[in-house]
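Written out below as structure tokens is the structure these notes cover.
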Amino acid sequence: MIDFTGQVAIVTGAGAGLGRSHALGLAARGARVVVNDMGQGADAVAREIESAGGQAIAHHADVSDEAMVSDMVAHTIDRWGRIDALVNNAGILRDKTFAKMDMADFRKVIDVHLIGSANCCHAVWSIMRAQGFGRIVLTASGSGLYGNFGQANYGAAKAAMVGLMNVLHIEGARYDIRVNTLAPTAATAMTKGLLPEAALDLLQPETITPGVLFLLGKDAPSRTILSAGAGTFAVTQIRETQGALIEGDITPEAVAAQWDQITDATDVENIENAFAQTRKYALRAAKAKGIALDW
């Protein structure tokens with residue numbers, strides 16, 4: 001039984017859609033919830049939680065504003081004394097083809113999704129380290145993992161969640177801070193008008209929230225990209241082929257000649273970190289040259 005009794009969770013962008021669903025789901029299982037949203041929806045969701053017998057407070061921080069995020073975290077600690085879970089859900093869209101995109105809109109999307117998530121993670125990080133416990137969920141998207149027409153800004157911001165997760169997972173491991181990424185496909189205000197109505201009916205936020213609650217549990221994994229939509233859950237993985245070692249002259253033509261082997265997906269492997277990738281390449285080159293490399 002995944003239970004959050006006694007725990008405190010912050011959910012950003014929780015005034016509607018996915019964030020609201022996550023906040024309600026946490027509260028239903030005993031968490032005290034900080035409902036963050038710039039609009040009045042945060043107050044409505046907090047009242048909804050309290051009407052159901054839960055505990056919640058609303059906070060209207062703009063997550064891209066570091067000072068406002070710090071204020072939200074300070075209020076949370078003043079009220080409840082701890083922070084166990086953070087769900088980075090806040091987001092915006094400024095869709096346009098790259099040729100027509102205003103770079104101010106590119107930066108704004110990066111500020112909300114990437115800088116906003118980093119602000120929130122940074123604000124709770126020392127608290128979770130001191131507690132020896134923390135659960136963080138970042139929110140990516142298929143647009144970031146696979147691309148989507150007209151969403152260069154959004155796709156770049158969402159792909160960045162994976163890089164942030166990878167490093168925070170490594171740095172938080174010794175403190176039992178587990179960091180995962182959700183890649184949802186849901187019917188929300190951001191997707192309305194982009195998908196057929198019949199599909200939207202199936203892609204309700206409530207079909208995704210159970211995956212988030214799992215990622216926030218005591219026995220959660222870490223460094224996992226959980227893709228979810230309409231009740232389907234899948235894990236997206238970044239893996240690497242064995243590749244080919246080019247001996248002799250390393251030229252563009254040599255790369256082209258070995259392209260089939262370079263792209264051969266047989267025996268693909270998970271790379272634990274960037275250093276492990278460097279070690280893999282150096283050891284292979286050393287072996288080919290008959291060099292004893294004690295590494």
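Each chain of the structure tokens is named A, B, ... in the order shown, its residues numbered from 1; ligands are numbered from 1 in display order.
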
Report as a PDB file with all heavy atoms, in the first residue's frame all protein, DNA and RNA residues lying within 8 Å of stretch 206-212 of chain A, evaluated on only C-alpha atoms, omitting residues in the same chain fewer than 2 positions from it.
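As a result, part-v2.pdb now contains:
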ATOM      1  N   LEU A  18      -3.207  18.033 -15.005  1.00  0.00           N
ATOM      2  CA  LEU A  18      -2.369  17.006 -14.377  1.00  0.00           C
ATOM      3  C   LEU A  18      -1.983  17.370 -12.947  1.00  0.00           C
ATOM      4  O   LEU A  18      -2.017  16.524 -12.051  1.00  0.00           O
ATOM      5  CB  LEU A  18      -1.103  16.786 -15.208  1.00  0.00           C
ATOM      6  CG  LEU A  18      -1.208  15.838 -16.402  1.00  0.00           C
ATOM      7  CD1 LEU A  18       0.051  15.950 -17.251  1.00  0.00           C
ATOM      8  CD2 LEU A  18      -1.403  14.404 -15.940  1.00  0.00           C
ATOM      9  N   SER A  21      -4.762  16.802 -10.531  1.00  0.00           N
ATOM     10  CA  SER A  21      -4.948  15.370 -10.321  1.00  0.00           C
ATOM     11  C   SER A  21      -3.880  14.803  -9.380  1.00  0.00           C
ATOM     12  O   SER A  21      -4.179  14.017  -8.473  1.00  0.00           O
ATOM     13  CB  SER A  21      -4.910  14.638 -11.664  1.00  0.00           C
ATOM     14  OG  SER A  21      -5.064  13.243 -11.490  1.00  0.00           O
ATOM     15  N   HIS A  22      -2.621  15.226  -9.578  1.00  0.00           N
ATOM     16  CA  HIS A  22      -1.540  14.752  -8.706  1.00  0.00           C
ATOM     17  C   HIS A  22      -1.758  15.209  -7.261  1.00  0.00           C
ATOM     18  O   HIS A  22      -1.560  14.434  -6.318  1.00  0.00           O
ATOM     19  CB  HIS A  22      -0.193  15.280  -9.194  1.00  0.00           C
ATOM     20  CG  HIS A  22       0.174  14.887 -10.596  1.00  0.00           C
ATOM     21  ND1 HIS A  22      -0.385  13.793 -11.238  1.00  0.00           N
ATOM     22  CD2 HIS A  22       1.058  15.449 -11.472  1.00  0.00           C
ATOM     23  CE1 HIS A  22       0.148  13.701 -12.455  1.00  0.00           C
ATOM     24  NE2 HIS A  22       1.009  14.686 -12.612  1.00  0.00           N
ATOM     25  N   GLY A  25      -4.548  13.275  -5.703  1.00  0.00           N
ATOM     26  CA  GLY A  25      -4.124  11.899  -5.467  1.00  0.00           C
ATOM     27  C   GLY A  25      -3.233  11.771  -4.245  1.00  0.00           C
ATOM     28  O   GLY A  25      -3.365  10.832  -3.457  1.00  0.00           O
ATOM     29  N   VAL A 137       9.778  14.297  -8.781  1.00  0.00           N
ATOM     30  CA  VAL A 137       9.341  13.943 -10.126  1.00  0.00           C
ATOM     31  C   VAL A 137       9.447  15.175 -11.011  1.00  0.00           C
ATOM     32  O   VAL A 137       8.929  16.243 -10.676  1.00  0.00           O
ATOM     33  CB  VAL A 137       7.893  13.410 -10.133  1.00  0.00           C
ATOM     34  CG1 VAL A 137       7.377  13.267 -11.573  1.00  0.00           C
ATOM     35  CG2 VAL A 137       7.811  12.068  -9.416  1.00  0.00           C
ATOM     36  N   LEU A 182       8.512  11.937 -15.403  1.00  0.00           N
ATOM     37  CA  LEU A 182       7.254  11.516 -16.012  1.00  0.00           C
ATOM     38  C   LEU A 182       7.148  12.125 -17.400  1.00  0.00           C
ATOM     39  O   LEU A 182       7.417  13.314 -17.584  1.00  0.00           O
ATOM     40  CB  LEU A 182       6.078  11.988 -15.158  1.00  0.00           C
ATOM     41  CG  LEU A 182       4.679  11.686 -15.710  1.00  0.00           C
ATOM     42  CD1 LEU A 182       4.347  10.217 -15.541  1.00  0.00           C
ATOM     43  CD2 LEU A 182       3.635  12.569 -15.023  1.00  0.00           C
ATOM     44  N   PRO A 184       4.164  12.412 -19.724  1.00  0.00           N
ATOM     45  CA  PRO A 184       2.740  12.129 -19.860  1.00  0.00           C
ATOM     46  C   PRO A 184       2.146  12.577 -21.196  1.00  0.00           C
ATOM     47  O   PRO A 184       2.630  13.512 -21.832  1.00  0.00           O
ATOM     48  CB  PRO A 184       2.123  12.953 -18.727  1.00  0.00           C
ATOM     49  CG  PRO A 184       3.008  14.167 -18.666  1.00  0.00           C
ATOM     50  CD  PRO A 184       4.405  13.693 -19.032  1.00  0.00           C
ATOM     51  N   ALA A 186      -1.628  13.644 -21.948  1.00  0.00           N
ATOM     52  CA  ALA A 186      -2.898  13.821 -21.237  1.00  0.00           C
ATOM     53  C   ALA A 186      -3.759  14.891 -21.881  1.00  0.00           C
ATOM     54  O   ALA A 186      -3.265  15.782 -22.581  1.00  0.00           O
ATOM     55  CB  ALA A 186      -2.628  14.186 -19.776  1.00  0.00           C
ATOM     56  N   LEU A 203      -7.620  10.202 -22.585  1.00  0.00           N
ATOM     57  CA  LEU A 203      -6.344  10.664 -22.034  1.00  0.00           C
ATOM     58  C   LEU A 203      -6.545  11.585 -20.837  1.00  0.00           C
ATOM     59  O   LEU A 203      -5.963  12.669 -20.754  1.00  0.00           O
ATOM     60  CB  LEU A 203      -5.551  11.384 -23.123  1.00  0.00           C
ATOM     61  CG  LEU A 203      -5.082  10.511 -24.282  1.00  0.00           C
ATOM     62  CD1 LEU A 203      -4.632  11.381 -25.454  1.00  0.00           C
ATOM     63  CD2 LEU A 203      -3.946   9.601 -23.839  1.00  0.00           C
ATOM     64  N   GLN A 204      -7.363  11.166 -19.899  1.00  0.00           N
ATOM     65  CA  GLN A 204      -7.633  11.991 -18.733  1.00  0.00           C
ATOM     66  C   GLN A 204      -6.459  11.960 -17.751  1.00  0.00           C
ATOM     67  O   GLN A 204      -5.772  10.945 -17.615  1.00  0.00           O
ATOM     68  CB  GLN A 204      -8.910  11.522 -18.040  1.00  0.00           C
ATOM     69  CG  GLN A 204     -10.170  11.763 -18.860  1.00  0.00           C
ATOM     70  CD  GLN A 204     -10.348  13.235 -19.210  1.00  0.00           C
ATOM     71  OE1 GLN A 204     -10.354  14.104 -18.342  1.00  0.00           O
ATOM     72  NE2 GLN A 204     -10.479  13.518 -20.501  1.00  0.00           N
ATOM     73  N   PHE A 214       3.308   6.286  -7.589  1.00  0.00           N
ATOM     74  CA  PHE A 214       4.296   5.208  -7.486  1.00  0.00           C
ATOM     75  C   PHE A 214       5.708   5.770  -7.429  1.00  0.00           C
ATOM     76  O   PHE A 214       6.542   5.342  -6.617  1.00  0.00           O
ATOM     77  CB  PHE A 214       4.155   4.252  -8.677  1.00  0.00           C
ATOM     78  CG  PHE A 214       5.318   3.307  -8.830  1.00  0.00           C
ATOM     79  CD1 PHE A 214       5.498   2.259  -7.936  1.00  0.00           C
ATOM     80  CD2 PHE A 214       6.233   3.475  -9.857  1.00  0.00           C
ATOM     81  CE1 PHE A 214       6.582   1.391  -8.063  1.00  0.00           C
ATOM     82  CE2 PHE A 214       7.308   2.620  -9.999  1.00  0.00           C
ATOM     83  CZ  PHE A 214       7.491   1.571  -9.096  1.00  0.00           C
ATOM     84  N   LEU A 215       6.004   6.754  -8.270  1.00  0.00           N
ATOM     85  CA  LEU A 215       7.346   7.341  -8.304  1.00  0.00           C
ATOM     86  C   LEU A 215       7.678   8.142  -7.044  1.00  0.00           C
ATOM     87  O   LEU A 215       8.846   8.438  -6.788  1.00  0.00           O
ATOM     88  CB  LEU A 215       7.496   8.248  -9.531  1.00  0.00           C
ATOM     89  CG  LEU A 215       7.438   7.564 -10.897  1.00  0.00           C
ATOM     90  CD1 LEU A 215       7.548   8.597 -12.013  1.00  0.00           C
ATOM     91  CD2 LEU A 215       8.532   6.508 -11.042  1.00  0.00           C
ATOM     92  N   LEU A 216       6.660   8.489  -6.265  1.00  0.00           N
ATOM     93  CA  LEU A 216       6.865   9.235  -5.025  1.00  0.00           C
ATOM     94  C   LEU A 216       6.880   8.333  -3.803  1.00  0.00           C
ATOM     95  O   LEU A 216       7.131   8.804  -2.689  1.00  0.00           O
ATOM     96  CB  LEU A 216       5.762  10.289  -4.858  1.00  0.00           C
ATOM     97  CG  LEU A 216       5.709  11.397  -5.907  1.00  0.00           C
ATOM     98  CD1 LEU A 216       4.485  12.265  -5.692  1.00  0.00           C
ATOM     99  CD2 LEU A 216       6.978  12.249  -5.887  1.00  0.00           C
ATOM    100  N   LEU A 226       9.269   7.479 -16.894  1.00  0.00           N
ATOM    101  CA  LEU A 226       7.992   6.765 -16.972  1.00  0.00           C
ATOM    102  C   LEU A 226       7.077   7.494 -17.939  1.00  0.00           C
ATOM    103  O   LEU A 226       6.635   8.612 -17.674  1.00  0.00           O
ATOM    104  CB  LEU A 226       7.345   6.666 -15.594  1.00  0.00           C
ATOM    105  CG  LEU A 226       6.020   5.905 -15.535  1.00  0.00           C
ATOM    106  CD1 LEU A 226       6.231   4.422 -15.872  1.00  0.00           C
ATOM    107  CD2 LEU A 226       5.375   6.049 -14.156  1.00  0.00           C
ATOM    108  N   ALA A 228       3.477   7.765 -19.860  1.00  0.00           N
ATOM    109  CA  ALA A 228       2.143   7.358 -19.432  1.00  0.00           C
ATOM    110  C   ALA A 228       1.055   8.078 -20.206  1.00  0.00           C
ATOM    111  O   ALA A 228       1.201   9.246 -20.581  1.00  0.00           O
ATOM    112  CB  ALA A 228       1.969   7.631 -17.931  1.00  0.00           C
ATOM    113  N   GLY A 229      -0.048   7.372 -20.423  1.00  0.00           N
ATOM    114  CA  GLY A 229      -1.214   7.972 -21.058  1.00  0.00           C
ATOM    115  C   GLY A 229      -2.323   6.963 -21.226  1.00  0.00           C
ATOM    116  O   GLY A 229      -2.076   5.810 -21.615  1.00  0.00           O
ATOM    117  N   ALA A 230      -3.556   7.351 -20.892  1.00  0.00           N
ATOM    118  CA  ALA A 230      -4.750   6.524 -21.106  1.00  0.00           C
ATOM    119  C   ALA A 230      -4.646   5.163 -20.439  1.00  0.00           C
ATOM    120  O   ALA A 230      -5.225   4.179 -20.904  1.00  0.00           O
ATOM    121  CB  ALA A 230      -5.018   6.352 -22.600  1.00  0.00           C
ATOM    122  N   GLY A 231      -3.900   5.098 -19.317  1.00  0.00           N
ATOM    123  CA  GLY A 231      -3.790   3.845 -18.578  1.00  0.00           C
ATOM    124  C   GLY A 231      -2.625   2.967 -18.984  1.00  0.00           C
ATOM    125  O   GLY A 231      -2.369   1.937 -18.367  1.00  0.00           O
ATOM    126  N   PHE A 233       1.417   2.454 -19.200  1.00  0.00           N
ATOM    127  CA  PHE A 233       2.666   2.930 -18.601  1.00  0.00           C
ATOM    128  C   PHE A 233       3.817   2.188 -19.255  1.00  0.00           C
ATOM    129  O   PHE A 233       3.765   0.970 -19.427  1.00  0.00           O
ATOM    130  CB  PHE A 233       2.664   2.691 -17.087  1.00  0.00           C
ATOM    131  CG  PHE A 233       1.589   3.460 -16.374  1.00  0.00           C
ATOM    132  CD1 PHE A 233       0.326   2.916 -16.199  1.00  0.00           C
ATOM    133  CD2 PHE A 233       1.829   4.744 -15.901  1.00  0.00           C
ATOM    134  CE1 PHE A 233      -0.677   3.623 -15.556  1.00  0.00           C
ATOM    135  CE2 PHE A 233       0.833   5.464 -15.264  1.00  0.00           C
ATOM    136  CZ  PHE A 233      -0.424   4.902 -15.099  1.00  0.00           C
TER     137      PHE A 233
END

Problem set entry | Test item: residues at most 12 Å from A:Ala61, only C-alpha atoms, excluding those fewer than 2 positions along its chain, as a ChimeraX atom specification | /A:10-15,34-40,42,58-59,63-75,90,112,116,119-120

For this session: With a distance cut-off of 9 Å and only C-alpha atoms, select the neighbouring residues of stretch 97-110 of chain A, excluding the residue or stretch itself and same-chain residues fewer than 5 positions from it, and output the selection as a PyMOL selection string.
Result: chain A and resi 64+91-92+115-116+149-154+156-158

May I have the selected residues written with N, CA and C atoms, as a PDB file, in the first residue's frame?
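The resulting file, result-v3.pdb, is shown below:
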ATOM      1  N   SER A  64       9.495  30.214 -12.170  1.00  0.00           N
ATOM      2  CA  SER A  64      10.686  30.743 -12.825  1.00  0.00           C
ATOM      3  C   SER A  64      11.340  31.860 -12.014  1.00  0.00           C
ATOM      4  N   GLY A  91       3.892  24.322 -16.326  1.00  0.00           N
ATOM      5  CA  GLY A  91       4.377  24.468 -17.693  1.00  0.00           C
ATOM      6  C   GLY A  91       3.503  25.393 -18.520  1.00  0.00           C
ATOM      7  N   ILE A  92       4.058  25.846 -19.636  1.00  0.00           N
ATOM      8  CA  ILE A  92       3.325  26.677 -20.586  1.00  0.00           C
ATOM      9  C   ILE A  92       3.681  26.234 -21.999  1.00  0.00           C
ATOM     10  N   ILE A 115      14.215  26.152 -15.929  1.00  0.00           N
ATOM     11  CA  ILE A 115      14.660  26.955 -14.794  1.00  0.00           C
ATOM     12  C   ILE A 115      13.679  26.822 -13.634  1.00  0.00           C
ATOM     13  N   GLY A 116      12.387  26.765 -13.944  1.00  0.00           N
ATOM     14  CA  GLY A 116      11.385  26.592 -12.892  1.00  0.00           C
ATOM     15  C   GLY A 116      11.577  25.293 -12.133  1.00  0.00           C
ATOM     16  N   PHE A 149       6.299  18.765 -34.198  1.00  0.00           N
ATOM     17  CA  PHE A 149       6.315  19.942 -35.084  1.00  0.00           C
ATOM     18  C   PHE A 149       5.844  21.182 -34.331  1.00  0.00           C
ATOM     19  N   GLY A 150       6.581  22.264 -34.472  1.00  0.00           N
ATOM     20  CA  GLY A 150       6.178  23.533 -33.886  1.00  0.00           C
ATOM     21  C   GLY A 150       6.490  23.684 -32.417  1.00  0.00           C
ATOM     22  N   GLN A 151       7.285  22.785 -31.856  1.00  0.00           N
ATOM     23  CA  GLN A 151       7.556  22.844 -30.418  1.00  0.00           C
ATOM     24  C   GLN A 151       9.051  22.776 -30.106  1.00  0.00           C
ATOM     25  N   ALA A 152       9.853  23.535 -30.829  1.00  0.00           N
ATOM     26  CA  ALA A 152      11.297  23.526 -30.578  1.00  0.00           C
ATOM     27  C   ALA A 152      11.609  23.979 -29.153  1.00  0.00           C
ATOM     28  N   ASN A 153      10.919  25.010 -28.690  1.00  0.00           N
ATOM     29  CA  ASN A 153      11.159  25.517 -27.332  1.00  0.00           C
ATOM     30  C   ASN A 153      10.706  24.514 -26.279  1.00  0.00           C
ATOM     31  N   TYR A 154       9.499  24.017 -26.440  1.00  0.00           N
ATOM     32  CA  TYR A 154       8.931  23.061 -25.487  1.00  0.00           C
ATOM     33  C   TYR A 154       9.722  21.753 -25.508  1.00  0.00           C
ATOM     34  N   ALA A 156      12.866  21.257 -26.377  1.00  0.00           N
ATOM     35  CA  ALA A 156      14.181  21.452 -25.765  1.00  0.00           C
ATOM     36  C   ALA A 156      14.078  21.484 -24.245  1.00  0.00           C
ATOM     37  N   ALA A 157      13.058  22.187 -23.729  1.00  0.00           N
ATOM     38  CA  ALA A 157      12.872  22.274 -22.279  1.00  0.00           C
ATOM     39  C   ALA A 157      12.559  20.918 -21.677  1.00  0.00           C
ATOM     40  N   LYS A 158      11.722  20.147 -22.362  1.00  0.00           N
ATOM     41  CA  LYS A 158      11.323  18.850 -21.827  1.00  0.00           C
ATOM     42  C   LYS A 158      12.449  17.818 -21.916  1.00  0.00           C
TER      43      LYS A 158
END

Exercise. Could you work out how far atom CA of A:Lys218 lies from atom CA of A:Ala160, giving the answer in Å with one decimal?
Worked result: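 A separation of 25.6 Å between them.
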
For this session: Pull the strand (DSSP E or B) assignments for stretch 51-167 of chain A out of DSSP run on the backbone, and list those residues as a PyMOL selection string.
Result: chain A and resi 56-59+85-87+134-139

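By only C-alpha atoms, and with residues fewer than 5 positions from A:Ala288 along its chain excluded, the set lying at most 10 Å from it is Leu245, Ile246, Glu247 and Leu283 of chain A.
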
For this session: Give the alpha helix (DSSP H) residues of stretch 89-137 of chain A, as DSSP finds them on the backbone, and put them as a list in words.
Result: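 Answer for stretch 89-137 of chain A restricted to alpha helix (DSSP H) is Met103, Ala104, Asp105, Phe106, Arg107, Lys108, Val109, Ile110, Gly116, Ser117, Ala118, Asn119, Cys120, Cys121, His122, Ala123, Val124, Trp125, Ser126, Ile127, Met128, Arg129, Ala130 and Gln131 of chain A.
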
Dump as a PDB file, in the first residue's frame, selection limited to N, CA and C atoms:
ATOM      1  N   MET A 103      12.382  34.541 -30.234  1.00  0.00           N
ATOM      2  CA  MET A 103      13.281  33.958 -29.252  1.00  0.00           C
ATOM      3  C   MET A 103      12.887  34.289 -27.818  1.00  0.00           C
ATOM      4  N   ALA A 104      12.115  35.346 -27.641  1.00  0.00           N
ATOM      5  CA  ALA A 104      11.599  35.645 -26.300  1.00  0.00           C
ATOM      6  C   ALA A 104      10.656  34.541 -25.847  1.00  0.00           C
ATOM      7  N   ASP A 105       9.863  34.000 -26.787  1.00  0.00           N
ATOM      8  CA  ASP A 105       8.986  32.875 -26.459  1.00  0.00           C
ATOM      9  C   ASP A 105       9.784  31.599 -26.212  1.00  0.00           C
ATOM     10  N   PHE A 106      10.898  31.444 -26.921  1.00  0.00           N
ATOM     11  CA  PHE A 106      11.767  30.290 -26.667  1.00  0.00           C
ATOM     12  C   PHE A 106      12.299  30.361 -25.233  1.00  0.00           C
ATOM     13  N   ARG A 107      12.816  31.529 -24.854  1.00  0.00           N
ATOM     14  CA  ARG A 107      13.379  31.689 -23.517  1.00  0.00           C
ATOM     15  C   ARG A 107      12.317  31.541 -22.431  1.00  0.00           C
ATOM     16  N   LYS A 108      11.102  32.040 -22.679  1.00  0.00           N
ATOM     17  CA  LYS A 108      10.046  31.960 -21.673  1.00  0.00           C
ATOM     18  C   LYS A 108       9.696  30.514 -21.364  1.00  0.00           C
ATOM     19  N   VAL A 109       9.601  29.689 -22.379  1.00  0.00           N
ATOM     20  CA  VAL A 109       9.280  28.274 -22.163  1.00  0.00           C
ATOM     21  C   VAL A 109      10.412  27.583 -21.410  1.00  0.00           C
ATOM     22  N   ILE A 110      11.654  27.888 -21.764  1.00  0.00           N
ATOM     23  CA  ILE A 110      12.798  27.331 -21.043  1.00  0.00           C
ATOM     24  C   ILE A 110      12.770  27.785 -19.585  1.00  0.00           C
ATOM     25  N   GLY A 116      12.387  26.765 -13.944  1.00  0.00           N
ATOM     26  CA  GLY A 116      11.385  26.592 -12.892  1.00  0.00           C
ATOM     27  C   GLY A 116      11.577  25.293 -12.133  1.00  0.00           C
ATOM     28  N   SER A 117      11.821  24.213 -12.851  1.00  0.00           N
ATOM     29  CA  SER A 117      12.056  22.926 -12.190  1.00  0.00           C
ATOM     30  C   SER A 117      13.345  22.960 -11.378  1.00  0.00           C
ATOM     31  N   ALA A 118      14.393  23.560 -11.950  1.00  0.00           N
ATOM     32  CA  ALA A 118      15.665  23.662 -11.230  1.00  0.00           C
ATOM     33  C   ALA A 118      15.511  24.511  -9.968  1.00  0.00           C
ATOM     34  N   ASN A 119      14.774  25.620 -10.067  1.00  0.00           N
ATOM     35  CA  ASN A 119      14.531  26.462  -8.891  1.00  0.00           C
ATOM     36  C   ASN A 119      13.878  25.669  -7.769  1.00  0.00           C
ATOM     37  N   CYS A 120      12.852  24.918  -8.117  1.00  0.00           N
ATOM     38  CA  CYS A 120      12.115  24.157  -7.098  1.00  0.00           C
ATOM     39  C   CYS A 120      12.979  23.047  -6.505  1.00  0.00           C
ATOM     40  N   CYS A 121      13.696  22.330  -7.367  1.00  0.00           N
ATOM     41  CA  CYS A 121      14.576  21.257  -6.875  1.00  0.00           C
ATOM     42  C   CYS A 121      15.651  21.824  -5.955  1.00  0.00           C
ATOM     43  N   HIS A 122      16.246  22.941  -6.356  1.00  0.00           N
ATOM     44  CA  HIS A 122      17.320  23.545  -5.570  1.00  0.00           C
ATOM     45  C   HIS A 122      16.806  24.015  -4.216  1.00  0.00           C
ATOM     46  N   ALA A 123      15.585  24.547  -4.192  1.00  0.00           N
ATOM     47  CA  ALA A 123      15.018  25.082  -2.952  1.00  0.00           C
ATOM     48  C   ALA A 123      14.729  23.987  -1.927  1.00  0.00           C
ATOM     49  N   VAL A 124      14.398  22.776  -2.387  1.00  0.00           N
ATOM     50  CA  VAL A 124      14.093  21.682  -1.445  1.00  0.00           C
ATOM     51  C   VAL A 124      15.282  20.764  -1.211  1.00  0.00           C
ATOM     52  N   TRP A 125      16.341  20.930  -1.996  1.00  0.00           N
ATOM     53  CA  TRP A 125      17.439  19.955  -1.997  1.00  0.00           C
ATOM     54  C   TRP A 125      18.100  19.801  -0.632  1.00  0.00           C
ATOM     55  N   SER A 126      18.481  20.920  -0.002  1.00  0.00           N
ATOM     56  CA  SER A 126      19.161  20.836   1.299  1.00  0.00           C
ATOM     57  C   SER A 126      18.239  20.272   2.367  1.00  0.00           C
ATOM     58  N   ILE A 127      16.951  20.537   2.242  1.00  0.00           N
ATOM     59  CA  ILE A 127      15.977  20.008   3.199  1.00  0.00           C
ATOM     60  C   ILE A 127      15.904  18.491   3.082  1.00  0.00           C
ATOM     61  N   MET A 128      15.814  17.997   1.867  1.00  0.00           N
ATOM     62  CA  MET A 128      15.742  16.551   1.652  1.00  0.00           C
ATOM     63  C   MET A 128      17.037  15.860   2.060  1.00  0.00           C
ATOM     64  N   ARG A 129      18.165  16.504   1.802  1.00  0.00           N
ATOM     65  CA  ARG A 129      19.457  15.937   2.223  1.00  0.00           C
ATOM     66  C   ARG A 129      19.513  15.804   3.736  1.00  0.00           C
ATOM     67  N   ALA A 130      19.081  16.844   4.445  1.00  0.00           N
ATOM     68  CA  ALA A 130      19.112  16.817   5.911  1.00  0.00           C
ATOM     69  C   ALA A 130      18.170  15.752   6.468  1.00  0.00           C
ATOM     70  N   GLN A 131      17.050  15.553   5.792  1.00  0.00           N
ATOM     71  CA  GLN A 131      16.077  14.540   6.225  1.00  0.00           C
ATOM     72  C   GLN A 131      16.564  13.122   5.945  1.00  0.00           C
TER      73      GLN A 131
END

Problem set entry | Non-local contacts of A:Met1 (12 Å; only C-alpha atoms; under 3 positions in same chain excluded) as a count of residues only | 9

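From atom CA of A:Ala140 back to atom CA of A:Thr181, the distance works out to 6.4 Å.
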
Exercise. Neighbours of A:Asn166 within 9 Å (only C-alpha atoms; same-chain residues fewer than 5 positions away dropped), as a list in words?
Worked result: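 Final neighbour list, sorted by chain and number: Met161, Glu171, Val179, Asn180, Arg223, Thr224 and Asn273 of chain A.
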
For this session: Work out how far apart atom CA of A:Glu50 and atom CA of A:Gly134 are and give it in Å to one decimal.
Result: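 Value for the atom CA of A:Glu50-atom CA of A:Gly134 distance: 24.3 Å.
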